[in-house]
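Engineer: The file below is data_14.csv, CSV, C-alpha atoms:
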chain,number,residue,atom,x,y,z
A,23,MET,CA,30.9,-52.8,29.0
A,24,LYS,CA,29.5,-51.3,32.2
A,25,ARG,CA,30.6,-47.8,31.1
A,26,ILE,CA,28.9,-48.2,27.7
A,27,ALA,CA,25.7,-49.3,29.5
A,28,ILE,CA,25.8,-46.2,31.7
A,29,LEU,CA,26.5,-44.0,28.7
A,30,CYS,CA,23.5,-45.5,26.8
A,31,ALA,CA,21.3,-45.0,29.8
A,32,LEU,CA,22.4,-41.3,30.1
A,33,THR,CA,21.8,-40.8,26.4
A,34,ALA,CA,18.3,-42.3,26.7
A,35,VAL,CA,17.5,-39.9,29.7
A,36,ALA,CA,18.8,-36.9,27.7
A,37,PHE,CA,16.6,-37.8,24.7
A,38,SER,CA,13.5,-38.5,26.8
A,39,GLN,CA,13.6,-35.1,28.5
A,40,LYS,CA,11.0,-33.1,26.7
A,41,ALA,CA,12.2,-30.0,24.9
A,42,PRO,CA,10.2,-26.9,25.5
A,43,ASP,CA,7.5,-26.3,22.9
A,44,LEU,CA,8.0,-23.1,21.0
A,45,SER,CA,5.3,-23.9,18.4
A,46,GLY,CA,2.9,-21.2,17.6
A,47,VAL,CA,2.2,-18.1,15.6
A,48,TRP,CA,4.2,-15.1,17.0
A,49,ILE,CA,4.2,-11.4,16.4
A,50,VAL,CA,7.0,-9.0,17.4
A,51,SER,CA,5.7,-6.8,20.2
A,52,SER,CA,8.9,-5.0,21.2
A,53,GLY,CA,9.5,-2.9,18.2
A,54,LEU,CA,11.3,-3.8,15.0
A,55,GLU,CA,14.1,-1.3,15.2
A,56,ILE,CA,17.3,-1.9,17.1
A,57,THR,CA,17.4,1.1,19.3
A,58,ALA,CA,21.1,1.2,20.3
A,59,ASP,CA,23.5,1.9,17.4
A,60,PRO,CA,25.7,-1.1,16.6
A,61,PRO,CA,29.4,-0.5,17.4
A,62,TYR,CA,30.3,0.0,13.7
A,63,LYS,CA,33.8,0.4,12.3
A,64,PRO,CA,34.1,3.7,10.2
A,65,ASP,CA,33.5,2.1,6.8
A,66,ALA,CA,30.3,0.3,8.0
A,67,LEU,CA,29.1,3.4,9.7
A,68,LYS,CA,29.5,5.3,6.5
A,69,LEU,CA,27.6,2.6,4.6
A,70,TRP,CA,24.8,2.8,7.2
A,71,GLN,CA,24.6,6.6,6.6
A,72,GLU,CA,24.4,6.1,2.9
A,73,HIS,CA,21.6,3.5,3.3
A,74,LYS,CA,19.7,5.9,5.6
A,75,ALA,CA,19.9,8.6,3.0
A,76,ASN,CA,18.5,6.3,0.3
A,77,LEU,CA,16.2,3.9,2.1
A,78,SER,CA,13.3,4.1,-0.2
A,79,LYS,CA,15.4,3.4,-3.3
A,80,ILE,CA,17.7,0.6,-2.1
A,81,ASP,CA,15.7,-1.3,0.5
A,82,PRO,CA,16.1,-5.0,-0.6
A,83,ALA,CA,12.6,-5.8,0.8
A,84,GLN,CA,11.1,-3.4,-1.7
A,85,TYR,CA,12.4,-5.6,-4.4
A,86,CYS,CA,11.0,-8.7,-2.7
A,87,LEU,CA,14.4,-9.9,-1.6
A,88,PRO,CA,14.9,-11.7,1.8
A,89,ASN,CA,15.3,-9.7,5.0
A,90,GLY,CA,17.9,-12.1,6.3
A,91,VAL,CA,17.7,-13.4,9.9
A,92,VAL,CA,18.0,-10.3,12.1
A,93,ARG,CA,15.6,-7.9,10.4
A,94,MET,CA,12.0,-8.8,11.1
A,95,THR,CA,8.6,-7.5,10.0
A,96,ASN,CA,5.5,-6.7,12.0
A,97,LEU,CA,3.6,-9.6,10.4
A,98,PRO,CA,3.4,-13.0,12.1
A,99,TYR,CA,6.0,-15.7,12.2
A,100,LYS,CA,5.2,-19.4,12.9
A,101,ILE,CA,7.4,-21.9,14.6
A,102,VAL,CA,6.9,-25.6,13.6
A,103,GLN,CA,8.9,-27.8,15.9
A,104,THR,CA,10.1,-31.4,15.5
A,105,PRO,CA,12.9,-33.0,17.5
A,106,ALA,CA,15.5,-32.8,14.7
A,107,LEU,CA,14.3,-29.6,12.9
A,108,VAL,CA,12.6,-26.4,13.8
A,109,VAL,CA,11.1,-24.4,11.0
A,110,LEU,CA,10.4,-20.6,11.2
A,111,LEU,CA,7.8,-19.6,8.6
A,112,SER,CA,7.4,-15.9,7.8
A,113,GLU,CA,4.1,-14.4,6.6
A,114,GLY,CA,5.7,-11.2,5.4
A,115,ASN,CA,8.7,-10.2,3.4
A,116,THR,CA,9.3,-13.1,0.9
A,117,HIS,CA,6.8,-15.5,2.6
A,118,SER,CA,9.6,-18.0,3.1
A,119,TYR,CA,11.1,-20.1,5.8
A,120,ARG,CA,14.3,-20.7,7.8
A,121,ARG,CA,15.3,-24.1,9.0
A,122,PHE,CA,17.2,-24.7,12.3
A,123,PHE,CA,18.9,-28.1,12.3
A,124,LEU,CA,18.9,-29.9,15.6
A,125,ASP,CA,20.3,-33.2,14.3
A,126,GLY,CA,23.9,-32.5,15.4
A,127,ARG,CA,25.3,-31.7,12.0
A,128,PRO,CA,28.1,-29.1,11.8
A,129,HIS,CA,27.7,-26.0,9.7
A,130,ASN,CA,27.8,-26.8,6.0
A,131,LEU,CA,28.5,-24.0,3.5
A,132,ASP,CA,29.2,-26.1,0.5
A,133,LEU,CA,26.0,-25.4,-1.3
A,134,ASP,CA,25.5,-21.8,-0.3
A,135,PRO,CA,28.7,-20.2,1.1
A,136,ASN,CA,27.0,-16.7,1.1
A,137,SER,CA,23.3,-16.8,1.4
A,138,TRP,CA,20.6,-14.4,2.6
A,139,ASN,CA,19.5,-16.5,5.6
A,140,GLY,CA,22.8,-18.2,6.3
A,141,ASP,CA,23.2,-21.8,7.6
A,142,SER,CA,21.6,-22.4,11.0
A,143,ILE,CA,22.4,-25.2,13.4
A,144,ALA,CA,20.7,-25.3,16.8
A,145,HIS,CA,20.8,-27.0,20.2
A,146,TRP,CA,18.8,-26.8,23.4
A,147,ASP,CA,20.5,-25.1,26.4
A,148,LYS,CA,18.0,-26.1,29.1
A,149,ASP,CA,14.8,-24.2,28.2
A,150,THR,CA,16.4,-22.2,25.4
A,151,LEU,CA,16.8,-23.0,21.8
A,152,VAL,CA,20.2,-21.7,20.7
A,153,VAL,CA,20.5,-21.0,16.9
A,154,ASP,CA,23.9,-20.4,15.5
A,155,SER,CA,24.1,-19.0,11.9
A,156,ILE,CA,26.9,-18.2,9.6
A,157,GLY,CA,27.5,-18.2,5.8
A,158,PHE,CA,25.7,-14.9,5.0
A,159,ASN,CA,26.0,-12.5,2.0
A,160,ASP,CA,26.3,-8.8,2.8
A,161,ASN,CA,23.0,-7.7,1.2
A,162,THR,CA,20.7,-7.8,4.2
A,163,TRP,CA,20.1,-5.2,6.9
A,164,PHE,CA,19.7,-5.6,10.7
A,165,ASP,CA,16.5,-3.5,10.6
A,166,ASP,CA,14.4,-1.1,8.5
A,167,THR,CA,16.8,1.7,9.1
A,168,GLY,CA,19.4,0.1,6.8
A,169,LYS,CA,22.0,-1.1,9.4
A,170,PRO,CA,24.5,-3.1,7.3
A,171,HIS,CA,26.8,-6.0,8.0
A,172,SER,CA,29.5,-7.9,6.2
A,173,ASP,CA,29.7,-11.5,5.0
A,174,GLU,CA,31.6,-12.3,8.2
A,175,LEU,CA,28.4,-12.0,10.1
A,176,HIS,CA,27.8,-14.6,12.8
A,177,VAL,CA,24.4,-14.5,14.6
A,178,ILE,CA,23.5,-16.4,17.7
A,179,GLU,CA,19.8,-16.3,18.6
A,180,ARG,CA,18.5,-17.6,21.9
A,181,TYR,CA,14.7,-18.5,21.7
A,182,ARG,CA,13.0,-18.8,25.1
A,183,ARG,CA,9.3,-19.0,26.0
A,184,PRO,CA,9.1,-17.5,29.5
A,185,ASP,CA,5.4,-18.3,29.6
A,186,ALA,CA,2.7,-19.6,27.2
A,187,GLY,CA,2.0,-16.3,25.7
A,188,HIS,CA,5.5,-14.9,25.2
A,189,LEU,CA,8.6,-15.6,23.2
A,190,GLU,CA,11.9,-13.9,23.7
A,191,ILE,CA,14.7,-13.8,21.2
A,192,GLN,CA,18.1,-12.7,22.5
A,193,TYR,CA,20.6,-11.8,19.7
A,194,THR,CA,24.3,-11.8,19.9
A,195,ILE,CA,25.8,-10.4,16.7
A,196,GLU,CA,29.4,-10.7,15.7
A,197,ASP,CA,31.0,-9.3,12.6
A,198,PRO,CA,34.7,-8.6,12.9
A,199,LYS,CA,34.7,-6.9,9.5
A,200,ALA,CA,31.9,-4.4,10.3
A,201,LEU,CA,31.9,-4.1,14.1
A,202,THR,CA,34.5,-3.1,16.7
A,203,LYS,CA,32.9,-5.7,19.1
A,204,PRO,CA,29.9,-8.0,19.3
A,205,PHE,CA,26.6,-6.5,20.4
A,206,THR,CA,23.4,-7.9,21.9
A,207,PHE,CA,19.8,-7.0,22.0
A,208,THR,CA,16.5,-8.7,22.8
A,209,ARG,CA,13.2,-8.9,20.9
A,210,GLU,CA,9.9,-9.9,22.5
A,211,LEU,CA,7.0,-11.6,20.7
A,212,VAL,CA,3.5,-12.4,21.7
A,213,LEU,CA,1.4,-15.4,20.7
A,214,ALA,CA,-1.1,-14.5,18.0
A,215,ASN,CA,-4.5,-16.1,17.9
A,216,ARG,CA,-4.4,-16.7,14.2
A,217,GLU,CA,-2.7,-18.6,11.4
A,218,ILE,CA,-0.2,-17.0,9.1
A,219,GLN,CA,-1.8,-15.8,5.9
A,220,GLU,CA,-0.6,-16.3,2.3
A,221,ARG,CA,1.2,-13.1,1.2
A,222,PHE,CA,3.5,-12.9,-1.8
A,223,CYS,CA,5.5,-9.8,-2.2
A,224,THR,CA,5.9,-10.4,-5.9
A,225,ASP,CA,2.1,-10.5,-6.3
A,226,THR,CA,1.7,-6.9,-5.4
A,227,ASN,CA,5.1,-5.3,-5.8
A,228,ARG,CA,5.7,-4.0,-9.3
A,229,LEU,CA,9.3,-3.1,-8.5
A,230,ALA,CA,10.1,-6.8,-8.1
A,231,VAL,CA,8.3,-8.1,-11.2
A,232,LYS,CA,9.7,-6.8,-14.5
W,17,MET,CA,5.9,-41.6,13.8
W,18,PRO,CA,4.9,-41.8,17.5
W,19,ASP,CA,1.2,-41.4,16.5
W,20,GLY,CA,1.5,-44.6,14.3
W,21,LYS,CA,1.3,-42.6,11.0
W,22,PRO,CA,3.7,-43.1,8.2
W,23,ASP,CA,6.6,-40.7,8.2
W,24,LEU,CA,6.8,-38.7,5.0
W,25,SER,CA,9.6,-36.4,6.3
W,26,GLY,CA,12.6,-35.9,4.1
W,27,ILE,CA,14.0,-34.1,1.2
W,28,TRP,CA,12.4,-35.2,-2.0
W,29,ASN,CA,13.3,-34.7,-5.6
W,30,GLY,CA,10.8,-32.7,-7.7
W,31,GLN,CA,7.7,-34.6,-8.7
W,32,ARG,CA,7.9,-36.4,-12.0
W,33,ALA,CA,4.9,-37.6,-14.0
W,34,LEU,CA,5.0,-41.3,-14.6
W,35,PRO,CA,4.8,-42.4,-18.3
W,36,GLY,CA,1.5,-42.9,-20.0
W,37,GLN,CA,-0.5,-40.1,-18.4
W,38,GLU,CA,-3.9,-39.2,-19.8
W,39,ASP,CA,-4.4,-35.8,-21.5
W,40,PRO,CA,-6.9,-33.4,-19.9
W,41,VAL,CA,-10.3,-32.9,-21.5
W,42,MET,CA,-10.8,-29.1,-21.6
W,43,LEU,CA,-13.7,-26.8,-22.3
W,44,PRO,CA,-13.1,-24.9,-25.6
W,45,TRP,CA,-12.0,-21.7,-23.9
W,46,ALA,CA,-9.4,-23.6,-21.9
W,47,ALA,CA,-8.1,-25.5,-24.9
W,48,ASP,CA,-7.8,-22.2,-26.9
W,49,LEU,CA,-6.0,-20.4,-24.1
W,50,THR,CA,-3.6,-23.3,-23.7
W,51,LYS,CA,-2.8,-23.3,-27.4
W,52,GLN,CA,-2.3,-19.6,-27.3
W,53,ARG,CA,0.1,-19.7,-24.4
W,54,THR,CA,2.1,-22.6,-25.9
W,55,GLU,CA,2.3,-20.9,-29.2
W,56,ASN,CA,3.5,-17.7,-27.5
W,57,TYR,CA,6.4,-19.6,-26.0
W,58,SER,CA,4.9,-19.4,-22.5
W,59,ALA,CA,6.0,-15.7,-22.4
W,60,ASP,CA,3.4,-14.8,-19.8
W,61,ASP,CA,4.1,-17.6,-17.4
W,62,PRO,CA,3.7,-16.1,-13.9
W,63,GLU,CA,6.3,-18.5,-12.5
W,64,ALA,CA,9.0,-16.9,-14.6
W,65,ARG,CA,8.3,-13.7,-12.7
W,66,CYS,CA,9.0,-15.3,-9.4
W,67,LEU,CA,5.3,-15.8,-8.6
W,68,PRO,CA,4.2,-19.0,-7.0
W,69,GLY,CA,3.7,-22.1,-9.2
W,70,GLY,CA,0.5,-22.8,-7.4
W,71,VAL,CA,-1.0,-26.3,-7.2
W,72,PRO,CA,-0.3,-28.9,-8.6
W,73,ARG,CA,2.6,-27.5,-10.6
W,74,ALA,CA,5.7,-29.6,-10.3
W,75,ALA,CA,9.0,-27.7,-10.1
W,76,PRO,CA,12.3,-29.5,-11.0
W,77,TYR,CA,13.6,-28.5,-7.6
W,78,HIS,CA,13.8,-30.3,-4.3
W,79,TYR,CA,11.1,-30.0,-1.6
W,80,GLN,CA,11.1,-31.0,2.0
W,81,LEU,CA,8.2,-32.5,3.9
W,82,VAL,CA,8.1,-31.8,7.7
W,83,GLN,CA,5.6,-33.6,9.6
W,84,THR,CA,3.9,-33.0,13.0
W,85,ALA,CA,0.7,-34.4,14.4
W,86,ASP,CA,-1.1,-31.1,13.5
W,87,GLU,CA,0.2,-30.5,10.0
W,88,VAL,CA,2.6,-31.4,7.2
W,89,LEU,CA,4.8,-28.6,5.8
W,90,MET,CA,5.9,-28.6,2.3
W,91,LEU,CA,9.0,-26.5,2.0
W,92,PHE,CA,10.1,-25.6,-1.6
W,93,GLU,CA,13.6,-25.1,-2.7
W,94,GLY,CA,12.3,-23.3,-5.8
W,95,ASN,CA,10.8,-21.9,-8.0
W,96,ILE,CA,10.1,-19.7,-5.2
W,97,HIS,CA,11.6,-20.5,-1.9
W,98,SER,CA,8.2,-20.7,-0.1
W,99,PHE,CA,5.9,-23.2,1.5
W,100,ARG,CA,2.6,-24.9,1.7
W,101,GLN,CA,0.8,-26.1,4.9
W,102,PHE,CA,-1.4,-29.2,5.0
W,103,PHE,CA,-3.5,-28.9,8.1
W,104,LEU,CA,-4.3,-32.2,9.8
W,105,ASN,CA,-6.0,-30.5,12.7
W,106,ARG,CA,-8.9,-29.0,10.7
W,107,THR,CA,-11.6,-30.8,8.8
W,108,GLU,CA,-13.4,-27.8,7.2
W,109,HIS,CA,-12.0,-25.4,4.6
W,110,LEU,CA,-11.7,-21.7,5.6
W,111,LYS,CA,-14.5,-19.5,4.6
W,112,ASN,CA,-14.3,-15.9,3.3
W,113,GLN,CA,-10.7,-16.2,2.3
W,114,PRO,CA,-9.3,-14.1,-0.5
W,115,PRO,CA,-8.3,-16.4,-3.5
W,116,LEU,CA,-4.9,-17.9,-2.9
W,117,TRP,CA,-1.9,-19.1,-5.0
W,118,TYR,CA,-1.6,-22.3,-2.9
W,119,GLY,CA,-5.2,-22.5,-1.8
W,120,ASP,CA,-6.4,-23.8,1.6
W,121,SER,CA,-5.2,-27.4,2.3
W,122,ILE,CA,-6.8,-29.7,4.8
W,123,ALA,CA,-5.4,-33.2,5.1
W,124,HIS,CA,-6.2,-36.6,6.7
W,125,TRP,CA,-4.7,-40.1,6.7
W,126,ASP,CA,-6.4,-42.8,4.7
W,127,LYS,CA,-4.6,-45.8,6.1
W,128,ASP,CA,-1.0,-45.1,5.1
W,129,THR,CA,-1.8,-42.4,2.5
W,130,LEU,CA,-1.9,-38.7,3.3
W,131,VAL,CA,-4.8,-37.2,1.5
W,132,VAL,CA,-4.6,-33.4,0.9
W,133,ASP,CA,-7.7,-31.6,-0.2
W,134,THR,CA,-7.2,-28.1,-1.5
W,135,THR,CA,-9.7,-25.4,-2.6
W,136,GLY,CA,-9.8,-21.6,-2.5
W,137,PHE,CA,-7.5,-20.9,-5.4
W,138,ASN,CA,-7.0,-17.8,-7.5
W,139,ASP,CA,-7.0,-18.3,-11.2
W,140,LYS,CA,-3.6,-16.8,-11.9
W,141,PHE,CA,-1.2,-19.7,-12.0
W,142,TRP,CA,-0.6,-22.2,-14.8
W,143,PHE,CA,-0.5,-26.0,-14.2
W,144,ASP,CA,2.6,-26.3,-16.4
W,145,MET,CA,4.7,-24.6,-18.9
W,146,ALA,CA,2.2,-25.5,-21.6
W,147,GLY,CA,-0.1,-23.1,-19.8
W,148,HIS,CA,-3.0,-25.3,-18.8
W,149,PRO,CA,-5.4,-22.9,-17.1
W,150,HIS,CA,-8.0,-23.2,-14.4
W,151,THR,CA,-10.7,-21.2,-12.7
W,152,THR,CA,-11.4,-20.4,-9.0
W,153,GLN,CA,-13.6,-23.5,-8.9
W,154,LEU,CA,-10.4,-25.6,-8.9
W,155,HIS,CA,-10.4,-28.4,-6.4
W,156,VAL,CA,-7.2,-30.5,-6.1
W,157,THR,CA,-6.8,-33.8,-4.2
W,158,GLU,CA,-3.3,-35.1,-3.7
W,159,ARG,CA,-2.7,-38.6,-2.3
W,160,TYR,CA,0.8,-39.0,-0.9
W,161,HIS,CA,1.9,-42.6,-0.4
W,162,ARG,CA,5.5,-43.6,0.6
W,163,ARG,CA,5.7,-46.9,-1.2
W,164,ASP,CA,9.1,-47.7,0.3
W,165,LEU,CA,11.8,-45.8,1.9
W,166,GLY,CA,13.0,-44.1,-1.3
W,167,ASN,CA,9.8,-43.5,-3.3
W,168,LEU,CA,6.9,-41.2,-2.7
W,169,GLU,CA,3.9,-41.8,-5.0
W,170,ILE,CA,1.7,-38.9,-5.6
W,171,GLN,CA,-1.7,-39.1,-7.2
W,172,VAL,CA,-3.1,-35.7,-8.2
W,173,ILE,CA,-6.8,-35.3,-9.1
W,174,ILE,CA,-7.7,-32.0,-10.7
W,175,GLU,CA,-11.3,-31.1,-10.7
W,176,ASP,CA,-12.5,-27.8,-12.2
W,177,PRO,CA,-15.8,-27.8,-13.9
W,178,GLY,CA,-15.1,-24.2,-15.1
W,179,ALA,CA,-12.2,-25.4,-17.4
W,180,TYR,CA,-12.3,-29.2,-17.6
W,181,THR,CA,-15.1,-31.6,-18.6
W,182,LYS,CA,-13.9,-34.4,-16.3
W,183,PRO,CA,-11.4,-34.8,-13.5
W,184,TRP,CA,-7.8,-35.0,-14.7
W,185,VAL,CA,-5.7,-37.6,-12.9
W,186,ILE,CA,-1.9,-37.4,-12.9
W,187,ASN,CA,0.3,-40.0,-11.3
W,188,ARG,CA,3.7,-38.8,-10.1
W,189,VAL,CA,6.7,-40.0,-8.1
W,190,SER,CA,9.3,-38.3,-6.0
W,191,THR,CA,12.5,-40.0,-5.0
W,192,LEU,CA,14.2,-39.5,-1.6
W,193,GLU,CA,17.2,-37.2,-1.8
W,194,THR,CA,19.8,-38.6,0.6
W,195,GLY,CA,23.0,-36.9,-0.5
W,196,ILE,CA,22.4,-33.2,-0.7
W,197,GLU,CA,20.7,-30.4,1.2
W,198,MET,CA,18.2,-27.9,-0.3
W,199,SER,CA,19.9,-24.7,-1.4
W,200,GLU,CA,18.5,-21.2,-0.8
W,201,TYR,CA,16.9,-20.4,-4.1
W,202,VAL,CA,16.0,-16.8,-4.3
W,203,CYS,CA,14.1,-16.2,-7.6
W,204,ASN,CA,14.1,-12.5,-7.3
W,205,GLU,CA,17.8,-12.3,-7.0
W,206,ASN,CA,18.9,-11.4,-10.6
W,207,ASN,CA,15.9,-13.0,-12.3
W,208,SER,CA,16.9,-12.6,-16.0
W,209,ASP,CA,14.1,-14.9,-17.3
W,210,ALA,CA,11.3,-12.4,-17.4
W,211,LEU,CA,13.2,-10.0,-19.7
W,212,HIS,CA,13.8,-12.7,-22.2
W,213,LEU,CA,10.3,-13.9,-22.4
W,214,VAL,CA,9.0,-11.8,-25.3
W,215,GLY,CA,6.6,-14.2,-27.0
W,216,LYS,CA,6.0,-14.3,-30.7
Using the file provided, produce a representation of the structure as structure tokens.
Structural biologist:
Amino acid sequence: MKRIAILCALTAVAFSQKAPDLSGVWIVSSGLEITADPPYKPDALKLWQEHKANLSKIDPAQYCLPNGVVRMTNLPYKIVQTPALVVLLSEGNTHSYRRFFLDGRPHNLDLDPNSWNGDSIAHWDKDTLVVDSIGFNDNTWFDDTGKPHSDELHVIERYRRPDAGHLEIQYTIEDPKALTKPFTFTRELVLANREIQERFCTDTNRLAVK
Amino acid sequence: MPDGKPDLSGIWNGQRALPGQEDPVMLPWAADLTKQRTENYSADDPEARCLPGGVPRAAPYHYQLVQTADEVLMLFEGNIHSFRQFFLNRTEHLKNQPPLWYGDSIAHWDKDTLVVDTTGFNDKFWFDMAGHPHTTQLHVTERYHRRDLGNLEIQVIIEDPGAYTKPWVINRVSTLETGIEMSEYVCNENNSDALHLVGK
């Protein structure tokens, strides 16, 4: 009984500790392109070269298709945070959203085994929100230069707010089918003094609307 | 919620109109256009081209409400996998905005009902597949009331003196979805609808 009481008390303490607040409208300030080449296996490297040669014709974003989770735009993103769910809204690309589940659920790929944004579960590691995503299709790119991946992609994002005006996302990217080893890189974002605007790719893009 | 407000959070099934709803009373041009669109098998429906359904079009897909003290998010599964924001932290509509598909929504609590007031629309979207039109004068009031755990009542009041002679009130309900998550609906992925909509 005593043990249970202590456990309950510890759990209560854990829940009462306030999670850092990542809420706000953020803009990437560190550049969108991943500067170091990913450690590609030969087939993936070949695919990247093909993409680079045909960027303007095959870029999924041109057809108003989702960028996936690694590729970002220079338009603002907004984080809306609740204890059990963090939502990342995107002004650009498809004007859509990602959901990071903090309610302790395991990954669930029943509905969408291979999706554009994958399935994202998250937890707090001290002041850092750790987002773990799997269940991707192989249609998206890591950045505007066409860097590909396979459906074995596994992305770990670590969101940290070092001060009020800055957000840092550290990426660890694993993909045993496309990469010889995992690679990491970091993006920096700054707080934007505005709301995200309504912007629909399909409204202006004639390639996407037949 | 910690602030004493009702909690509307959850995944809800698409809004269904309750039986016995009134018909809208339209100005002649709006009645003619609706007739034309219906007779042409809704071939020009923007929604079939992966454009937003606008407000208050009800899609047969799930949506999720996410609630903070500052705003309520409405995340759509489909028709397009996008979102609306209801701002609780602002009492005035934005000025000098370009016309929007989802408009500008400010919200407040009237006892246990979330009242969402939206203006600033474009005139592109249809209210339904029948093709009921509107103008940029459109003003939509939505009243969200969680009657019990599993039922969300939504009263929609459509005011648009440019197209309707009196306010059009629609009463809807959404039921709580407890067994399933929302899927990632990507309209633009292989949208074969638009090619088949050839009209008469």
Engineer: Please list as a list in words every residue within 9 Å of A:Ala106, counting only C-alpha atoms and excluding residues in the same chain fewer than 3 positions away.
Structural biologist: Gln103, Phe122, Phe123, Leu124, Asp125 and Gly126 of chain A
Engineer: Could you write out as a ChimeraX atom specification the residues of chain W within 6 Å of chain A, counting only C-alpha atoms?
Structural biologist: /W:65,97-98
Engineer: Identify, on the basis of only C-alpha atoms, every residue whose closest approach to W:Tyr201 does not exceed 8 Å; exclude the query and any residue fewer than 6 positions from it along the same chain; express the result as a ChimeraX atom specification.
Structural biologist: /W:93-97
Engineer: For the selection you just gave me, I'd like the residues written to a file as a short mmCIF file (atom, residue, chain, number, x, y, z; two decimals), in the coordinates of the input, keeping C-alpha atoms.
Structural biologist:
data_model
loop_
_atom_site.label_atom_id
_atom_site.label_comp_id
_atom_site.auth_asym_id
_atom_site.auth_seq_id
_atom_site.Cartn_x
_atom_site.Cartn_y
_atom_site.Cartn_z
CA GLU W 93 13.60 -25.10 -2.70
CA GLY W 94 12.30 -23.30 -5.80
CA ASN W 95 10.80 -21.90 -8.00
CA ILE W 96 10.10 -19.70 -5.20
CA HIS W 97 11.60 -20.50 -1.90
#
Engineer: Under the rule that only C-alpha atoms are counted, which of W:Leu116, W:Ile122, W:Thr135, W:His155 is the nearest residue to W:Leu89?
Structural biologist: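 That would be W:Ile122, the residue with the smallest distance to W:Leu89.
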Engineer: One decimal, Å: what's the distance from atom CA of A:Lys40 over to atom CA of W:Leu130, could you say?
Structural biologist: 27.3 Å
Engineer: Write only N, CA and C atoms for stretch 163-176 of chain A from the block just shown, as a PDB file, in the first residue's frame.
Structural biologist:
ATOM      1  N   TRP A 163      10.567  14.543 -49.956  1.00  0.00           N
ATOM      2  CA  TRP A 163      11.998  14.861 -50.013  1.00  0.00           C
ATOM      3  C   TRP A 163      12.431  15.470 -48.684  1.00  0.00           C
ATOM      4  N   PHE A 164      13.753  15.401 -48.432  1.00  0.00           N
ATOM      5  CA  PHE A 164      14.269  16.022 -47.207  1.00  0.00           C
ATOM      6  C   PHE A 164      14.368  17.540 -47.340  1.00  0.00           C
ATOM      7  N   ASP A 165      14.543  18.024 -48.578  1.00  0.00           N
ATOM      8  CA  ASP A 165      14.592  19.470 -48.791  1.00  0.00           C
ATOM      9  C   ASP A 165      14.304  19.784 -50.251  1.00  0.00           C
ATOM     10  N   ASP A 166      14.408  21.054 -50.610  1.00  0.00           N
ATOM     11  CA  ASP A 166      14.039  21.492 -51.968  1.00  0.00           C
ATOM     12  C   ASP A 166      14.940  20.910 -53.052  1.00  0.00           C
ATOM     13  N   THR A 167      16.087  20.341 -52.678  1.00  0.00           N
ATOM     14  CA  THR A 167      17.010  19.815 -53.689  1.00  0.00           C
ATOM     15  C   THR A 167      16.699  18.374 -54.069  1.00  0.00           C
ATOM     16  N   GLY A 168      15.589  17.827 -53.565  1.00  0.00           N
ATOM     17  CA  GLY A 168      15.158  16.502 -54.019  1.00  0.00           C
ATOM     18  C   GLY A 168      15.758  15.322 -53.287  1.00  0.00           C
ATOM     19  N   LYS A 169      16.318  15.545 -52.115  1.00  0.00           N
ATOM     20  CA  LYS A 169      16.931  14.431 -51.365  1.00  0.00           C
ATOM     21  C   LYS A 169      15.859  13.396 -50.989  1.00  0.00           C
ATOM     22  N   PRO A 170      15.992  12.185 -51.497  1.00  0.00           N
ATOM     23  CA  PRO A 170      14.934  11.188 -51.295  1.00  0.00           C
ATOM     24  C   PRO A 170      15.120  10.359 -50.012  1.00  0.00           C
ATOM     25  N   HIS A 171      14.139   9.532 -49.753  1.00  0.00           N
ATOM     26  CA  HIS A 171      14.236   8.552 -48.663  1.00  0.00           C
ATOM     27  C   HIS A 171      13.353   7.373 -49.036  1.00  0.00           C
ATOM     28  N   SER A 172      13.411   6.324 -48.230  1.00  0.00           N
ATOM     29  CA  SER A 172      12.568   5.156 -48.503  1.00  0.00           C
ATOM     30  C   SER A 172      11.410   5.109 -47.501  1.00  0.00           C
ATOM     31  N   ASP A 173      10.588   4.094 -47.619  1.00  0.00           N
ATOM     32  CA  ASP A 173       9.478   3.953 -46.666  1.00  0.00           C
ATOM     33  C   ASP A 173       9.960   3.382 -45.326  1.00  0.00           C
ATOM     34  N   GLU A 174      11.259   3.158 -45.193  1.00  0.00           N
ATOM     35  CA  GLU A 174      11.789   2.728 -43.890  1.00  0.00           C
ATOM     36  C   GLU A 174      12.300   3.913 -43.077  1.00  0.00           C
ATOM     37  N   LEU A 175      11.952   5.102 -43.534  1.00  0.00           N
ATOM     38  CA  LEU A 175      12.370   6.331 -42.843  1.00  0.00           C
ATOM     39  C   LEU A 175      11.869   6.366 -41.393  1.00  0.00           C
ATOM     40  N   HIS A 176      12.755   6.775 -40.527  1.00  0.00           N
ATOM     41  CA  HIS A 176      12.420   6.985 -39.112  1.00  0.00           C
ATOM     42  C   HIS A 176      13.032   8.330 -38.721  1.00  0.00           C
TER      43      HIS A 176
END
